[in-house]
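What follows is the content of target-v9.csv (CSV, C-alpha atoms).
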```csv
chain,number,residue,atom,x,y,z
U,1,MET,CA,-35.2,0.0,-7.5
U,2,SER,CA,-31.6,-0.9,-6.8
U,3,GLU,CA,-28.9,1.5,-7.9
U,4,THR,CA,-25.7,0.1,-9.2
U,5,PRO,CA,-22.6,2.3,-9.0
U,6,VAL,CA,-21.3,3.5,-12.4
U,7,LYS,CA,-17.7,2.7,-13.0
U,8,GLN,CA,-15.5,5.8,-13.1
U,9,GLN,CA,-14.0,6.7,-16.5
U,10,ASN,CA,-10.3,7.2,-16.9
U,11,THR,CA,-9.1,10.8,-16.9
U,12,ALA,CA,-7.6,12.3,-20.1
U,13,ALA,CA,-4.2,12.5,-18.3
U,14,TYR,CA,-4.2,8.8,-17.7
U,15,TYR,CA,-5.2,8.1,-21.3
U,16,GLY,CA,-2.5,10.4,-22.6
U,17,GLN,CA,0.1,8.8,-20.3
U,18,ALA,CA,-0.8,5.4,-21.6
U,19,VAL,CA,-0.5,6.5,-25.2
U,20,ALA,CA,2.8,8.3,-24.5
U,21,SER,CA,4.2,5.3,-22.7
U,22,PHE,CA,3.3,3.0,-25.6
U,23,ALA,CA,5.0,5.4,-28.1
U,24,LEU,CA,8.1,5.8,-25.9
U,25,ALA,CA,8.4,2.0,-25.6
U,26,LEU,CA,8.0,1.5,-29.3
U,27,GLY,CA,10.6,4.2,-29.9
U,28,ALA,CA,13.0,2.5,-27.5
U,29,VAL,CA,12.7,-0.8,-29.4
U,30,ALA,CA,13.2,1.0,-32.8
U,31,LEU,CA,16.3,2.8,-31.4
U,32,GLY,CA,17.7,-0.5,-30.1
U,33,ILE,CA,17.1,-2.3,-33.4
U,34,PHE,CA,18.7,0.7,-35.3
U,35,ASN,CA,21.8,0.5,-33.1
U,36,LEU,CA,21.9,-3.3,-33.1
U,37,GLU,CA,25.2,-4.8,-32.1
U,38,THR,CA,26.2,-8.3,-31.0
U,39,ASP,CA,27.3,-7.1,-27.5
U,40,ALA,CA,25.5,-8.4,-24.4
U,41,TRP,CA,24.4,-5.0,-23.3
U,42,VAL,CA,22.6,-4.4,-26.6
U,43,ARG,CA,20.7,-7.7,-26.2
U,44,ALA,CA,19.8,-6.7,-22.6
U,45,PHE,CA,18.6,-3.3,-23.7
U,46,LEU,CA,16.3,-4.9,-26.4
U,47,ALA,CA,15.0,-7.4,-23.9
U,48,ILE,CA,14.0,-4.7,-21.4
U,49,ALA,CA,12.6,-2.5,-24.1
U,50,VAL,CA,10.4,-5.4,-25.4
U,51,LEU,CA,9.2,-6.0,-21.8
U,52,TYR,CA,8.4,-2.4,-21.4
U,53,LEU,CA,6.5,-2.3,-24.8
U,54,THR,CA,4.5,-5.3,-23.8
U,55,THR,CA,3.4,-3.9,-20.4
U,56,SER,CA,2.6,-0.5,-22.1
U,57,ALA,CA,0.5,-2.3,-24.7
U,58,PHE,CA,-1.5,-4.0,-22.0
U,59,THR,CA,-2.1,-0.6,-20.3
U,60,LEU,CA,-3.2,0.9,-23.6
U,61,ALA,CA,-5.6,-2.0,-24.3
U,62,LYS,CA,-7.1,-1.5,-20.8
U,63,VAL,CA,-7.7,2.2,-21.4
U,64,VAL,CA,-9.3,1.6,-24.7
U,65,ARG,CA,-11.5,-1.2,-23.2
U,66,ASP,CA,-12.5,1.0,-20.3
U,67,ARG,CA,-13.5,3.9,-22.6
U,68,GLN,CA,-15.6,1.5,-24.7
U,69,GLU,CA,-17.3,0.0,-21.7
U,70,ALA,CA,-18.2,3.5,-20.4
U,71,GLY,CA,-19.9,4.3,-23.7
U,72,GLN,CA,-21.8,1.1,-23.5
U,73,ILE,CA,-23.1,1.9,-20.0
U,74,VAL,CA,-24.4,5.2,-21.2
U,75,SER,CA,-26.1,3.6,-24.1
U,76,ARG,CA,-27.7,1.0,-21.8
U,77,VAL,CA,-29.0,3.7,-19.5
U,78,ASP,CA,-30.5,5.7,-22.4
U,79,GLN,CA,-32.0,2.5,-23.9
U,80,ALA,CA,-33.6,1.6,-20.5
U,81,ARG,CA,-35.1,5.1,-20.2
U,82,LEU,CA,-36.5,4.9,-23.7
U,83,GLU,CA,-38.0,1.4,-23.0
U,84,LYS,CA,-39.6,2.8,-19.8
U,85,LEU,CA,-41.2,5.7,-21.7
U,86,LEU,CA,-42.5,3.4,-24.4
U,87,ALA,CA,-43.9,1.0,-21.9
U,88,GLU,CA,-45.7,3.7,-20.0
U,89,HIS,CA,-47.1,5.3,-23.2
U,90,ASP,CA,-50.7,4.5,-23.9
U,91,PRO,CA,-51.6,5.5,-27.5
U,92,PHE,CA,-55.4,5.1,-26.8
U,93,GLN,CA,-55.4,7.5,-23.8
U,94,LYS,CA,-57.6,10.6,-24.3
U,95,LEU,CA,-55.7,13.8,-24.8
```
Could you render the structure from this file as structure tokens?
Amino acid sequence: MSETPVKQQNTAAYYGQAVASFALALGAVALGIFNLETDAWVRAFLAIAVLYLTTSAFTLAKVVRDRQEAGQIVSRVDQARLEKLLAEHDPFQKL
């Protein structure tokens, strides 16, 4: 029987950092829009904030996906164990 390594799950700190980063980026864009001016530095600030928000959104999506995949792996292992037990069970065996 070949053993495949189980992918490591992200730590709670990494998950919290991704959520905090997303919230901070969203707050930066909201602050920039609130203080909207026509000056060049304001447009530059908004551009950088949008880029930061985008990269943080990708990180958050990755964390959520990794958590979901980790749950699916556990479900598949449990399902395989159940199928093995059912396959080995003989209802006509004498007790």
Pick from U:Gln9, U:Tyr15, U:Lys84, U:Gly32: nearest to Ala61 (chain U), with only C-alpha atoms counted?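 Comparing U:Gln9, U:Tyr15, U:Lys84, U:Gly32 against Ala61 (chain U), the winner is U:Tyr15.
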Which residues come within 12 Å of Ile48 (chain U), counting all atoms listed in the file, excluding same-chain residues fewer than 3 positions away, as a list in words?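 That gives Ala25, Leu26, Ala28, Val29, Gly32, Trp41, Val42, Arg43, Ala44, Phe45, Leu51, Tyr52, Leu53, Thr54 and Thr55 of chain U.
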Between CA of Ile33 (chain U) and CA of Thr59 (chain U), distance in Å (one decimal):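 That distance, rounded to one decimal, is 23.3 Å.
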Could you give me, as a ChimeraX atom specification, the residues that sit within 12 Å of (-11.6, 2.0, -22.8) in the file's coordinates, counting all atoms listed in the file? /U:7-12,14-15,18,58-73
Since we have the selection now, will you write its residues out, keeping C-alpha atoms, as an mmCIF file, in the frame of the given file?
```cif
data_model
loop_
_atom_site.group_PDB
_atom_site.id
_atom_site.type_symbol
_atom_site.label_atom_id
_atom_site.label_comp_id
_atom_site.auth_asym_id
_atom_site.auth_seq_id
_atom_site.Cartn_x
_atom_site.Cartn_y
_atom_site.Cartn_z
ATOM 1 C CA LYS U 7 -17.700 2.700 -13.000
ATOM 2 C CA GLN U 8 -15.500 5.800 -13.100
ATOM 3 C CA GLN U 9 -14.000 6.700 -16.500
ATOM 4 C CA ASN U 10 -10.300 7.200 -16.900
ATOM 5 C CA THR U 11 -9.100 10.800 -16.900
ATOM 6 C CA ALA U 12 -7.600 12.300 -20.100
ATOM 7 C CA TYR U 14 -4.200 8.800 -17.700
ATOM 8 C CA TYR U 15 -5.200 8.100 -21.300
ATOM 9 C CA ALA U 18 -0.800 5.400 -21.600
ATOM 10 C CA PHE U 58 -1.500 -4.000 -22.000
ATOM 11 C CA THR U 59 -2.100 -0.600 -20.300
ATOM 12 C CA LEU U 60 -3.200 0.900 -23.600
ATOM 13 C CA ALA U 61 -5.600 -2.000 -24.300
ATOM 14 C CA LYS U 62 -7.100 -1.500 -20.800
ATOM 15 C CA VAL U 63 -7.700 2.200 -21.400
ATOM 16 C CA VAL U 64 -9.300 1.600 -24.700
ATOM 17 C CA ARG U 65 -11.500 -1.200 -23.200
ATOM 18 C CA ASP U 66 -12.500 1.000 -20.300
ATOM 19 C CA ARG U 67 -13.500 3.900 -22.600
ATOM 20 C CA GLN U 68 -15.600 1.500 -24.700
ATOM 21 C CA GLU U 69 -17.300 0.000 -21.700
ATOM 22 C CA ALA U 70 -18.200 3.500 -20.400
ATOM 23 C CA GLY U 71 -19.900 4.300 -23.700
ATOM 24 C CA GLN U 72 -21.800 1.100 -23.500
ATOM 25 C CA ILE U 73 -23.100 1.900 -20.000
#
```
Enter the distance from CA of Val50 (chain U) to CA of Ala30 (chain U), in Å, rounded to one decimal. 10.2 Å
